[in-house]
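Engineer: input05.cif is reproduced below (mmCIF, C-alpha atoms and all ligand atoms).
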```cif
data_input
#
loop_
_atom_site.label_atom_id
_atom_site.label_comp_id
_atom_site.auth_asym_id
_atom_site.auth_seq_id
_atom_site.Cartn_x
_atom_site.Cartn_y
_atom_site.Cartn_z
CA MET A 8 0.00 0.00 0.00
CA THR A 9 1.19 3.47 -0.94
CA ARG A 10 0.24 6.85 0.51
CA ALA A 11 -0.46 9.96 -1.52
CA ALA A 12 -1.73 13.53 -1.00
CA ILE A 13 -5.02 13.81 -2.86
CA LEU A 14 -7.17 16.82 -3.68
CA TRP A 15 -10.79 15.66 -3.56
CA GLY A 16 -12.49 18.99 -4.19
CA VAL A 17 -11.69 22.63 -5.05
CA GLY A 18 -11.03 24.64 -1.90
CA GLU A 19 -10.29 21.57 0.21
CA LYS A 20 -7.04 20.69 1.91
CA TRP A 21 -4.69 17.98 0.63
CA SER A 22 -5.76 14.66 2.15
CA VAL A 23 -3.07 12.04 2.76
CA ASP A 24 -4.76 8.75 1.94
CA GLU A 25 -3.79 5.16 1.35
CA VAL A 26 -3.84 4.46 -2.40
CA GLU A 27 -3.57 1.40 -4.58
CA LEU A 28 -0.80 1.72 -7.14
CA ALA A 29 -0.96 -0.40 -10.29
CA ASP A 30 2.09 -2.33 -11.49
CA PRO A 31 3.94 -0.61 -14.33
CA GLY A 32 2.45 -1.51 -17.71
CA PRO A 33 4.26 -1.55 -21.07
CA GLY A 34 6.63 1.41 -21.30
CA GLN A 35 5.99 2.44 -17.69
CA VAL A 36 8.17 2.55 -14.60
CA ARG A 37 7.45 2.67 -10.89
CA VAL A 38 9.44 5.37 -9.12
CA LYS A 39 9.95 5.51 -5.36
CA ILE A 40 9.71 9.24 -4.66
CA HIS A 41 12.42 10.60 -2.35
CA ALA A 42 11.68 14.33 -2.56
CA THR A 43 9.06 16.59 -4.11
CA GLY A 44 8.86 20.38 -4.18
CA LEU A 45 5.80 22.38 -3.20
CA CYS A 46 5.31 24.37 -6.42
CA HIS A 47 2.70 27.11 -6.49
CA SER A 48 1.15 25.49 -9.59
CA ASP A 49 -0.33 22.67 -7.49
CA ASP A 50 -2.05 25.32 -5.42
CA HIS A 51 -3.87 26.62 -8.52
CA ALA A 52 -5.72 23.29 -8.54
CA VAL A 53 -6.71 23.88 -4.90
CA THR A 54 -7.99 27.43 -5.47
CA GLY A 55 -9.68 26.47 -8.72
CA ASP A 56 -7.69 29.07 -10.71
CA MET A 57 -6.58 26.19 -12.91
CA PRO A 58 -9.29 23.62 -13.76
CA THR A 59 -8.11 20.06 -13.25
CA PRO A 60 -9.59 16.56 -13.11
CA LEU A 61 -10.54 15.51 -9.57
CA PRO A 62 -9.76 13.61 -7.46
CA LEU A 63 -6.08 14.30 -8.08
CA VAL A 64 -2.75 13.10 -6.67
CA GLY A 65 -0.79 16.37 -6.76
CA GLY A 66 2.88 17.03 -7.35
CA HIS A 67 4.97 17.46 -10.49
CA GLU A 68 8.39 18.42 -9.07
CA GLY A 69 9.98 15.19 -7.90
CA ALA A 70 13.02 12.93 -7.83
CA GLY A 71 13.46 9.34 -6.77
CA VAL A 72 14.62 5.85 -7.68
CA VAL A 73 13.25 3.48 -10.31
CA GLU A 74 12.06 0.42 -8.39
CA ALA A 75 10.28 -1.57 -11.13
CA VAL A 76 9.99 -1.41 -14.92
CA GLY A 77 7.22 -2.63 -17.21
CA PRO A 78 7.64 -4.61 -20.44
CA GLY A 79 9.67 -2.91 -23.16
CA VAL A 80 11.25 -0.21 -21.00
CA SER A 81 14.68 0.67 -22.39
CA ARG A 82 15.56 4.16 -21.16
CA VAL A 83 16.10 3.37 -17.48
CA ALA A 84 16.70 0.37 -15.24
CA VAL A 85 15.82 -0.57 -11.68
CA GLY A 86 18.01 1.39 -9.27
CA ASP A 87 18.47 4.43 -11.50
CA HIS A 88 18.08 7.82 -9.82
CA VAL A 89 15.74 10.05 -11.82
CA VAL A 90 14.14 13.46 -12.04
CA LEU A 91 10.50 13.33 -13.12
CA VAL A 92 9.37 15.64 -15.91
CA PHE A 93 5.93 16.82 -17.00
CA GLN A 94 5.34 17.58 -20.71
CA PRO A 95 7.56 14.58 -21.54
CA PRO A 96 9.04 14.80 -25.05
CA CYS A 97 8.29 12.07 -27.60
CA GLY A 98 11.38 13.10 -29.56
CA HIS A 99 9.87 12.82 -33.02
CA CYS A 100 6.91 15.20 -33.35
CA ARG A 101 7.21 18.50 -35.20
CA ASN A 102 7.82 20.50 -32.02
CA CYS A 103 10.38 18.05 -30.59
CA ALA A 104 12.18 18.07 -33.94
CA ARG A 105 12.27 21.89 -33.85
CA GLY A 106 13.88 22.03 -30.42
CA ARG A 107 10.63 22.84 -28.67
CA SER A 108 10.17 19.61 -26.78
CA GLN A 109 8.46 21.53 -23.95
CA LEU A 110 5.57 21.80 -26.41
CA CYS A 111 5.69 18.15 -27.52
CA MET A 112 2.53 17.34 -29.45
CA ASN A 113 2.42 13.86 -27.89
CA ALA A 114 3.15 15.01 -24.34
CA SER A 115 -0.31 14.31 -23.00
CA LEU A 116 0.40 10.55 -23.12
CA GLN A 117 -2.67 9.49 -25.08
CA ASP A 118 -2.53 5.99 -23.68
CA TYR A 119 -2.54 7.32 -20.15
CA GLY A 120 -6.26 7.73 -19.66
CA ALA A 121 -6.71 3.97 -19.91
CA SER A 122 -4.18 3.26 -17.23
CA LYS A 123 -4.43 5.77 -14.38
CA PRO A 124 -2.17 4.09 -11.82
CA PHE A 125 -3.76 5.45 -8.62
CA ARG A 126 -6.99 4.28 -6.96
CA ALA A 127 -8.34 5.50 -3.64
CA ARG A 128 -11.70 5.22 -1.85
CA GLY A 129 -12.79 2.81 -4.59
CA GLN A 130 -12.21 5.15 -7.54
CA GLU A 131 -9.58 6.12 -10.10
CA VAL A 132 -7.49 9.14 -9.18
CA ALA A 133 -5.79 11.43 -11.73
CA ALA A 134 -2.18 12.59 -11.32
CA THR A 135 -0.80 16.10 -11.84
CA GLY A 136 1.17 16.28 -15.08
CA ASP A 137 0.75 12.49 -15.46
CA LEU A 138 3.22 12.29 -12.54
CA GLY A 139 1.63 12.58 -9.09
CA THR A 140 4.79 13.07 -7.02
CA PHE A 141 2.97 13.79 -3.74
CA ALA A 142 3.13 10.03 -3.16
CA ASP A 143 5.50 7.45 -1.70
CA ALA A 144 5.70 6.00 -5.21
CA THR A 145 4.14 6.60 -8.61
CA VAL A 146 3.88 4.84 -11.97
CA VAL A 147 4.75 6.95 -15.01
CA SER A 148 5.76 6.59 -18.64
CA GLU A 149 9.49 6.01 -19.10
CA ARG A 150 9.35 9.26 -21.12
CA CYS A 151 8.74 11.11 -17.83
CA VAL A 152 12.04 10.17 -16.17
CA ILE A 153 15.51 11.60 -16.76
CA PRO A 154 18.37 9.62 -15.17
CA ILE A 155 20.80 11.60 -13.00
CA ASP A 156 24.06 10.80 -11.24
CA LYS A 157 23.61 9.16 -7.86
CA ASP A 158 25.56 11.78 -5.93
CA VAL A 159 23.02 14.56 -6.61
CA PRO A 160 20.86 14.93 -3.47
CA PHE A 161 17.19 14.06 -4.12
CA ALA A 162 15.81 17.30 -2.68
CA ALA A 163 18.05 19.41 -4.93
CA ALA A 164 17.29 17.15 -7.90
CA SER A 165 13.52 17.38 -7.35
CA LEU A 166 13.61 21.11 -8.08
CA LEU A 167 15.03 20.38 -11.54
CA GLY A 168 11.59 18.94 -12.27
CA CYS A 169 10.01 22.39 -12.32
CA ALA A 170 11.15 25.44 -10.31
CA VAL A 171 14.73 25.58 -11.57
CA THR A 172 14.07 24.58 -15.17
CA THR A 173 11.05 26.89 -15.51
CA GLY A 174 12.69 29.91 -13.89
CA TRP A 175 16.19 29.54 -15.33
CA GLY A 176 14.84 28.80 -18.82
CA ALA A 177 12.53 31.83 -18.64
CA ALA A 178 15.64 34.00 -18.46
CA VAL A 179 18.06 32.07 -20.67
CA TYR A 180 15.77 30.79 -23.44
CA LEU A 181 12.52 32.77 -23.40
CA ALA A 182 13.73 36.25 -22.41
CA GLU A 183 16.87 35.52 -24.48
CA ILE A 184 19.02 37.58 -22.10
CA GLU A 185 22.37 38.64 -23.49
CA PRO A 186 25.50 39.83 -21.67
CA GLY A 187 24.95 43.37 -20.41
CA ASP A 188 21.15 43.24 -20.55
CA ASN A 189 19.11 44.76 -17.75
CA VAL A 190 16.50 42.41 -16.32
CA VAL A 191 13.64 42.69 -13.86
CA VAL A 192 12.06 39.65 -12.19
CA ILE A 193 8.68 40.33 -10.58
CA GLY A 194 7.94 37.68 -7.94
CA SER A 195 11.16 36.09 -6.67
CA GLY A 196 9.79 32.89 -5.15
CA GLY A 197 10.77 29.30 -5.92
CA VAL A 198 10.52 29.82 -9.67
CA GLY A 199 11.39 33.53 -9.97
CA VAL A 200 14.63 33.28 -8.01
CA ASN A 201 15.80 30.82 -10.64
CA SER A 202 15.16 33.46 -13.29
CA VAL A 203 17.52 35.60 -11.23
CA GLN A 204 20.08 32.76 -11.40
CA GLY A 205 19.45 32.32 -15.14
CA ALA A 206 19.91 36.05 -15.77
CA LYS A 207 23.20 35.92 -13.88
CA ASN A 208 24.36 32.87 -15.91
CA ALA A 209 23.42 34.72 -19.11
CA GLY A 210 25.63 37.67 -18.16
CA ALA A 211 23.00 40.25 -17.28
CA ASN A 212 24.05 43.69 -16.01
CA MET A 213 21.28 44.89 -13.66
CA ILE A 214 19.09 42.15 -12.20
CA VAL A 215 16.25 43.79 -10.29
CA ALA A 216 14.12 41.48 -8.15
CA VAL A 217 10.67 42.72 -7.13
CA ASP A 218 8.98 40.95 -4.24
CA THR A 219 6.58 42.08 -1.55
CA VAL A 220 8.25 39.80 1.03
CA GLU A 221 11.49 40.87 2.73
CA LEU A 222 12.88 37.30 2.94
CA LYS A 223 12.50 36.87 -0.84
CA ARG A 224 14.27 40.16 -1.52
CA GLN A 225 17.14 39.13 0.75
CA LYS A 226 17.36 35.69 -0.94
CA ALA A 227 17.22 37.25 -4.41
CA LEU A 228 20.33 39.29 -3.56
CA GLU A 229 22.07 36.08 -2.37
CA PHE A 230 21.14 34.37 -5.67
CA GLY A 231 22.56 37.10 -7.90
CA ALA A 232 20.14 40.05 -8.02
CA THR A 233 21.90 43.41 -8.08
CA HIS A 234 18.86 45.20 -6.62
CA ALA A 235 15.77 44.10 -4.71
CA VAL A 236 12.68 46.27 -4.28
CA ALA A 237 9.17 45.76 -2.93
CA SER A 238 7.01 47.09 -5.78
CA VAL A 239 6.78 47.49 -9.55
CA GLU A 240 6.68 51.28 -9.00
CA GLU A 241 10.04 51.18 -7.19
CA ALA A 242 11.49 49.03 -9.99
CA GLN A 243 10.18 51.53 -12.56
CA ALA A 244 11.94 54.41 -10.80
CA LEU A 245 15.16 52.43 -10.25
CA LEU A 246 15.40 51.32 -13.89
CA ALA A 247 14.59 54.81 -15.19
CA GLU A 248 17.37 56.25 -13.04
CA HIS A 249 20.06 53.65 -13.80
CA THR A 250 19.42 53.10 -17.52
CA GLN A 251 18.99 56.70 -18.67
CA GLY A 252 15.40 55.80 -19.48
CA ARG A 253 16.26 52.74 -21.63
CA MET A 254 14.56 50.56 -19.01
CA ALA A 255 14.85 46.76 -18.84
CA ASP A 256 15.64 44.56 -21.83
CA ALA A 257 13.57 41.83 -20.21
CA ALA A 258 10.85 41.54 -17.58
CA ILE A 259 9.86 38.15 -16.17
CA LEU A 260 6.59 37.85 -14.26
CA SER A 261 6.64 35.03 -11.71
CA VAL A 262 4.33 36.14 -8.88
CA GLY A 263 2.22 33.37 -7.37
CA VAL A 264 -1.01 34.28 -9.19
CA GLY A 265 -0.93 36.32 -12.42
CA ASP A 266 -3.17 39.40 -12.58
CA SER A 267 -3.99 40.44 -16.13
CA SER A 268 -5.16 43.90 -15.01
CA LYS A 269 -1.53 44.69 -14.03
CA LEU A 270 0.09 43.54 -17.28
CA GLY A 271 0.52 47.05 -18.70
CA GLY A 272 2.66 48.12 -15.73
CA ILE A 273 4.91 45.08 -16.17
CA ILE A 274 5.41 45.67 -19.90
CA ASP A 275 6.23 49.33 -19.10
CA LEU A 276 9.28 48.13 -17.15
CA THR A 277 10.86 47.19 -20.48
CA GLY A 278 12.24 49.61 -23.02
CA PRO A 279 11.99 49.55 -26.83
CA ALA A 280 12.26 45.99 -28.23
CA GLY A 281 12.01 44.67 -24.67
CA THR A 282 10.62 41.21 -23.94
CA THR A 283 8.13 40.37 -21.20
CA VAL A 284 7.87 36.69 -20.22
CA ILE A 285 4.78 35.53 -18.31
CA THR A 286 5.71 32.58 -16.13
CA SER A 287 2.89 33.09 -13.61
CA VAL A 288 -0.28 31.11 -14.06
CA SER A 289 -3.31 33.43 -14.00
CA PRO A 290 -6.89 32.41 -13.22
CA PHE A 291 -8.23 30.61 -16.31
CA ALA A 292 -11.47 32.58 -16.04
CA SER A 293 -9.63 35.89 -16.58
CA THR A 294 -9.65 36.77 -20.29
CA THR A 295 -8.94 40.52 -20.64
CA VAL A 296 -5.68 42.41 -20.28
CA ASP A 297 -5.07 46.09 -19.66
CA MET A 298 -2.15 47.59 -21.60
CA ASN A 299 -1.35 50.39 -24.02
CA LEU A 300 -1.42 48.42 -27.27
CA ALA A 301 -0.40 51.37 -29.46
CA MET A 302 2.78 51.94 -27.45
CA PHE A 303 3.44 48.20 -27.49
CA THR A 304 3.33 48.28 -31.29
CA LEU A 305 5.39 51.43 -31.71
CA THR A 306 8.14 50.26 -29.32
CA GLN A 307 8.24 46.85 -31.00
CA LYS A 308 7.94 44.89 -27.79
CA THR A 309 7.50 41.15 -27.29
CA LEU A 310 5.12 39.39 -24.89
CA ARG A 311 5.85 35.71 -24.41
CA GLY A 312 4.25 32.84 -22.54
CA ASN A 313 6.29 30.26 -20.69
CA VAL A 314 5.96 26.48 -20.71
CA TYR A 315 8.68 24.81 -18.63
CA GLY A 316 11.10 27.65 -19.32
CA GLY A 317 11.43 26.54 -22.93
CA VAL A 318 13.95 23.94 -21.74
CA GLN A 319 14.76 20.71 -23.56
CA VAL A 320 14.81 18.39 -20.59
CA HIS A 321 17.28 15.85 -22.02
CA ARG A 322 19.77 18.64 -22.72
CA ASP A 323 19.06 20.99 -19.86
CA ILE A 324 18.70 18.78 -16.77
CA PRO A 325 22.28 17.47 -17.26
CA ARG A 326 23.37 21.03 -18.11
CA LEU A 327 21.88 22.42 -14.89
CA ILE A 328 23.56 19.66 -12.86
CA ASP A 329 26.90 20.64 -14.46
CA LEU A 330 26.33 24.27 -13.43
CA TYR A 331 25.39 23.08 -9.91
CA ARG A 332 28.62 21.08 -9.61
CA GLN A 333 30.67 24.11 -10.68
CA GLY A 334 28.94 26.27 -8.06
CA LYS A 335 27.29 28.40 -10.74
CA LEU A 336 23.76 27.31 -9.87
CA LYS A 337 22.48 27.10 -6.32
CA LEU A 338 20.08 24.20 -5.67
CA ASP A 339 20.50 23.20 -2.01
CA GLU A 340 20.10 26.83 -0.93
CA LEU A 341 16.67 27.02 -2.59
CA ILE A 342 15.27 24.68 0.05
CA THR A 343 14.39 26.69 3.14
CA GLN A 344 12.23 24.05 4.87
CA THR A 345 11.52 20.34 4.50
CA TYR A 346 8.31 18.53 5.47
CA THR A 347 6.88 15.02 5.70
CA LEU A 348 4.01 14.07 3.40
CA ASP A 349 1.65 14.42 6.37
CA GLN A 350 2.76 18.05 6.78
CA ILE A 351 1.88 19.04 3.20
CA ASN A 352 -0.81 21.52 4.23
CA ASP A 353 1.65 23.18 6.64
CA GLY A 354 4.08 23.47 3.72
CA TYR A 355 1.52 25.22 1.55
CA ALA A 356 0.48 27.47 4.46
CA ASP A 357 4.13 28.47 4.83
CA MET A 358 4.31 29.19 1.07
CA HIS A 359 1.31 31.51 1.37
CA ALA A 360 2.80 33.17 4.44
CA GLY A 361 5.99 33.93 2.47
CA LYS A 362 8.15 31.84 4.83
CA ASN A 363 9.81 29.65 2.18
CA LEU A 364 11.87 30.14 -0.91
CA ARG A 365 10.97 26.51 -1.67
CA GLY A 366 9.45 23.99 0.69
CA VAL A 367 10.23 20.35 -0.12
CA ILE A 368 8.63 17.11 1.10
CA GLU A 369 11.19 14.42 1.88
CA PHE A 370 10.06 10.80 2.12
N1 LIG B 401 4.72 28.43 -16.82
C1 LIG B 401 5.17 27.36 -16.21
O1 LIG B 401 5.62 26.39 -16.86
C2 LIG B 401 5.17 27.35 -14.72
C3 LIG B 401 5.89 26.38 -14.02
C4 LIG B 401 5.95 26.48 -12.62
C5 LIG B 401 5.28 27.48 -11.97
N2 LIG B 401 4.55 28.38 -12.67
C6 LIG B 401 3.85 29.49 -12.02
O2 LIG B 401 4.82 30.43 -11.60
C7 LIG B 401 4.28 31.19 -10.51
C8 LIG B 401 5.30 31.23 -9.39
O3 LIG B 401 5.41 29.94 -8.80
P1 LIG B 401 6.30 29.73 -7.48
O4 LIG B 401 6.24 28.28 -7.16
O5 LIG B 401 7.60 30.42 -7.62
O6 LIG B 401 5.42 30.54 -6.40
P2 LIG B 401 5.92 31.18 -5.01
O7 LIG B 401 4.70 31.37 -4.20
O8 LIG B 401 7.07 30.38 -4.48
O9 LIG B 401 6.52 32.59 -5.45
C9 LIG B 401 5.74 33.68 -5.81
C10 LIG B 401 6.44 34.93 -5.33
O10 LIG B 401 5.71 36.08 -5.76
C11 LIG B 401 5.73 37.03 -4.72
N3 LIG B 401 4.62 37.95 -4.95
C12 LIG B 401 3.29 37.70 -4.85
N4 LIG B 401 2.57 38.79 -5.21
C13 LIG B 401 3.48 39.73 -5.57
C14 LIG B 401 3.37 41.06 -6.06
N5 LIG B 401 2.19 41.63 -6.26
N6 LIG B 401 4.51 41.74 -6.33
C15 LIG B 401 5.73 41.16 -6.13
N7 LIG B 401 5.88 39.92 -5.68
C16 LIG B 401 4.79 39.21 -5.40
C17 LIG B 401 5.62 36.20 -3.46
O11 LIG B 401 6.06 36.90 -2.31
C18 LIG B 401 6.52 35.02 -3.80
O12 LIG B 401 7.86 35.25 -3.41
C19 LIG B 401 2.96 30.50 -10.14
O13 LIG B 401 1.89 31.19 -10.77
C20 LIG B 401 3.12 29.12 -10.74
O14 LIG B 401 1.89 28.50 -10.99
C21 LIG B 401 4.49 28.33 -14.03
ZN ZN B 402 5.77 23.67 -10.97
ZN ZN B 403 7.19 15.37 -29.35
#
```
Take the structure in the file and give it back as structure tokens.
Ligand SMILES: NC(=O)c1ccc[n+]([C@@H]2O[C@H](COP(=O)([O-])OP(=O)(O)OC[C@H]3O[C@@H](n4cnc5c(N)ncnc54)[C@H](O)[C@@H]3O)[C@@H](O)[C@H]2O)c1
Ligand SMILES: [Zn+2]
Ligand SMILES: [Zn+2]

Structural biologist:
Amino acid sequence: MTRAAILWGVGEKWSVDEVELADPGPGQVRVKIHATGLCHSDDHAVTGDMPTPLPLVGGHEGAGVVEAVGPGVSRVAVGDHVVLVFQPPCGHCRNCARGRSQLCMNASLQDYGASKPFRARGQEVAATGDLGTFADATVVSERCVIPIDKDVPFAAASLLGCAVTTGWGAAVYLAEIEPGDNVVVIGSGGVGVNSVQGAKNAGANMIVAVDTVELKRQKALEFGATHAVASVEEAQALLAEHTQGRMADAAILSVGVGDSSKLGGIIDLTGPAGTTVITSVSPFASTTVDMNLAMFTLTQKTLRGNVYGGVQVHRDIPRLIDLYRQGKLKLDELITQTYTLDQINDGYADMHAGKNLRGVIEF
């Protein structure tokens, strides 16, 4: 018997229940989860901002050990240490072939619906991102696991499943930061602080972190920000002063919940030809934005979405581990508190209270 944190209804707390876990079928592997991060995205399922099938085993930011493989599995073997990935690339669709595997056209694992591995209280239970890492163990497609070296700590590795990849890639691949660029990151939490690290790796000049919480501003400075302020207005004034009005080359929005009514103010932090990357998930029901479209046109700006930081997981997870080994990417320092699975609701309460850079459940 396995235990998992399940969301049974919108607005409810995570419920840690006993679950039945199916054996791995063809092409599937069973992974014993050792660590899983408490990403804000799972909370969008709780608040209902992001519609999701229910009941749901949450969690999409995990690392663990392969403990069983189904027929035909060739990518990993029992005993391998792995990072789990959502949006798993097939490797041969149009988007994978174009280096956009984060948008793989076969990522939704068509065969998955027939073989949901979790059952609880007598019914099938869905799994976030086809992963469900808020569980002692899960069964996933072999496409969803990337082997890693055994000396990488599980808690650090788990964050390569989402926070680090999404934030770092937002800066390096989606904002396309170049040496000397000025960058502003709005919302420097678990994901945003990795955009700060990505901007630093890309050779940015000014890296301005905006966060309402003092701890996050302090951490942002430790992770490579050159300035940390509490509001978009302060960032506006700071950039205007230090760039002779050229403003930021890139703005990256990574607050916990996107607010489309504030988009115009974020885009205004960038100068001509500037790029704004929206990492934050906004309520799905919100469909209007407020911005000066004429000025957007006449300053030739770019507004870009973000799926998984635009990373190619098979290239970038090993790349990020290399940077970690060289001391150029902080992973262990991202984890400000660890929890047991039973403490998951405390972990999310701490996230909302601004107490954590990243909370991680260790099993
Ligand atoms: N696009 C993707 O692929 C992807 C992947 C992962 C997460 N996300 C989204 O990224 C967002 C951030 O996730 P996270 O796990 O880092 O969340 P988090 O809660 O750890 O961090 C959010 C940060 O924003 C700060 N903040 C909130 N309101 C603010 C405001 N008005 N001004 C300045 N700062 C503010 C908070 O203090 C916090 O530090 C979420 O919306 C999440 O769903 C998207
Ligand atoms: Zn996430
Ligand atoms: Zn593909």

Engineer: Give one line per residue of chain A that approaches ligand ZN 402 (chain B) to at most 6 Å, naming the two atoms of the closest pair and their distance in Å to one decimal, counting all atoms listed in the file; sort by chain then ascending residue number and deliver it as a tab-separated table.

Structural biologist:
```
residue	atom	partner	partner_atom	distance
A:Cys46	CA	B:ZN402	ZN	4.6
A:Ser48	CA	B:ZN402	ZN	5.2
A:Cys169	CA	B:ZN402	ZN	4.6
A:Ala170	CA	B:ZN402	ZN	5.7
```

Engineer: Each residue of chain A lying at most 7 Å from ligand LIG 401 (chain B) should get a row with its shortest atom-to-atom pair and the distance in Å to one decimal, counting all atoms listed in the file; could you produce that, ordered by chain and increasing number, as a tab-separated table?

Structural biologist:
```
residue	atom	partner	partner_atom	distance
A:Cys46	CA	B:LIG401	O4	4.1
A:His47	CA	B:LIG401	O4	3.8
A:Ser48	CA	B:LIG401	O14	3.4
A:His51	CA	B:LIG401	O14	6.5
A:Cys169	CA	B:LIG401	C4	5.8
A:Ala170	CA	B:LIG401	C4	5.8
A:Thr173	CA	B:LIG401	C3	5.4
A:Ile193	CA	B:LIG401	C15	5.4
A:Gly194	CA	B:LIG401	O10	3.5
A:Ser195	CA	B:LIG401	O12	4.7
A:Gly196	CA	B:LIG401	O9	3.3
A:Gly197	CA	B:LIG401	O5	3.8
A:Val198	CA	B:LIG401	O5	3.6
A:Gly199	CA	B:LIG401	O5	5.4
A:Val217	CA	B:LIG401	C15	5.3
A:Asp218	CA	B:LIG401	N7	3.6
A:Thr219	CA	B:LIG401	N7	4.7
A:Val220	CA	B:LIG401	O11	4.9
A:Lys223	CA	B:LIG401	O12	5.5
A:Ala237	CA	B:LIG401	C15	6.6
A:Ser238	CA	B:LIG401	N6	5.9
A:Val239	CA	B:LIG401	N6	7.0
A:Ser261	CA	B:LIG401	C8	4.6
A:Val262	CA	B:LIG401	O10	3.4
A:Gly263	CA	B:LIG401	C9	3.9
A:Val264	CA	B:LIG401	O13	4.5
A:Gly265	CA	B:LIG401	O13	6.1
A:Thr286	CA	B:LIG401	N1	4.3
A:Ser287	CA	B:LIG401	O13	3.6
A:Val288	CA	B:LIG401	O13	3.9
A:Ser289	CA	B:LIG401	O13	6.5
A:Asn313	CA	B:LIG401	N1	4.6
A:Val314	CA	B:LIG401	O1	3.9
A:Tyr315	CA	B:LIG401	O1	3.9
A:Gly316	CA	B:LIG401	O1	6.1
A:Met358	CA	B:LIG401	O7	5.7
A:His359	CA	B:LIG401	O7	6.5
A:Gly361	CA	B:LIG401	O11	5.6
A:Leu364	CA	B:LIG401	O8	6.0
A:Arg365	CA	B:LIG401	O8	6.2
```

Engineer: Can you work out which one of A:Gly18, A:Ala178, A:Ala114, A:Arg128 has the shortest atom-to-atom distance to Asp56 of chain A, counting only C-alpha atoms?

Structural biologist: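 The shortest atom-to-atom distance to Asp56 of chain A comes from A:Gly18.
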
Engineer: Between atom CA of Gln94 of chain A and atom CA of Ala209 of chain A, what is the spacing in Å?

Structural biologist: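 Computing it gives 25.0 Å between the two atoms.
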
Engineer: Counting all atoms listed in the file, which of A:Thr59, A:Thr233, A:Thr172, A:Gln35 gets nearest to Pro325 of chain A?

Structural biologist: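 Ranking A:Thr59, A:Thr233, A:Thr172, A:Gln35 by distance to Pro325 of chain A, first place goes to A:Thr172.
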
Engineer: With only C-alpha atoms as the counted atoms, please give the residues lying no more than 9 Å from Arg126 of chain A, apart from itself and same-chain residues fewer than 6 positions off, as a PyMOL selection string.

Structural biologist: chain A and resi 25-29+132-133

Engineer: Which distance in Å separates atom CA of Ile153 of chain A and atom CA of Val90 of chain A, to one decimal?

Structural biologist: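 Value for the atom CA of Ile153 of chain A-atom CA of Val90 of chain A distance: 5.3 Å.
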
Engineer: Find the residues of chain A that sit at most 10 Å from ligand ZN 403 (chain B); for each, write down the nearest two atoms and how far apart they are in Å, to one decimal. Count only C-alpha atoms and all ligand atoms. Sort by chain, then by number going up, and give it as CSV.

Structural biologist:
```
residue,atom,partner,partner_atom,distance
A:Gln94,CA,B:ZN403,ZN,9.1
A:Pro95,CA,B:ZN403,ZN,7.9
A:Pro96,CA,B:ZN403,ZN,4.7
A:Cys97,CA,B:ZN403,ZN,3.9
A:Gly98,CA,B:ZN403,ZN,4.8
A:His99,CA,B:ZN403,ZN,5.2
A:Cys100,CA,B:ZN403,ZN,4.0
A:Arg101,CA,B:ZN403,ZN,6.6
A:Asn102,CA,B:ZN403,ZN,5.8
A:Cys103,CA,B:ZN403,ZN,4.3
A:Ala104,CA,B:ZN403,ZN,7.3
A:Arg105,CA,B:ZN403,ZN,9.4
A:Gly106,CA,B:ZN403,ZN,9.5
A:Arg107,CA,B:ZN403,ZN,8.3
A:Ser108,CA,B:ZN403,ZN,5.8
A:Gln109,CA,B:ZN403,ZN,8.3
A:Leu110,CA,B:ZN403,ZN,7.3
A:Cys111,CA,B:ZN403,ZN,3.7
A:Met112,CA,B:ZN403,ZN,5.1
A:Asn113,CA,B:ZN403,ZN,5.2
A:Ala114,CA,B:ZN403,ZN,6.4
A:Ser115,CA,B:ZN403,ZN,9.9
```

Engineer: Using Å and a single decimal, report how far atom CA of Asp156 of chain A sits from atom CA of Tyr331 of chain A.

Structural biologist: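 Computing the Euclidean distance for atom CA of Tyr331 of chain A and atom CA of Asp156 of chain A yields 12.4 Å.
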
Engineer: I'd like to know which of A:Thr343, A:Thr145, A:Thr135, A:Thr277 is closest to Met254 of chain A, using only C-alpha atoms.

Structural biologist: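 Looking only at the distances to Met254 of chain A, the closest residue turns out to be A:Thr277.
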
Engineer: Might you pull out every residue within 7 Å of Leu276 of chain A, with all atoms listed in the file counted and same-chain residues fewer than 6 positions away left off, and present them as a list in words?

Structural biologist: Gln243, Met254, Ala255 and Ala258 of chain A
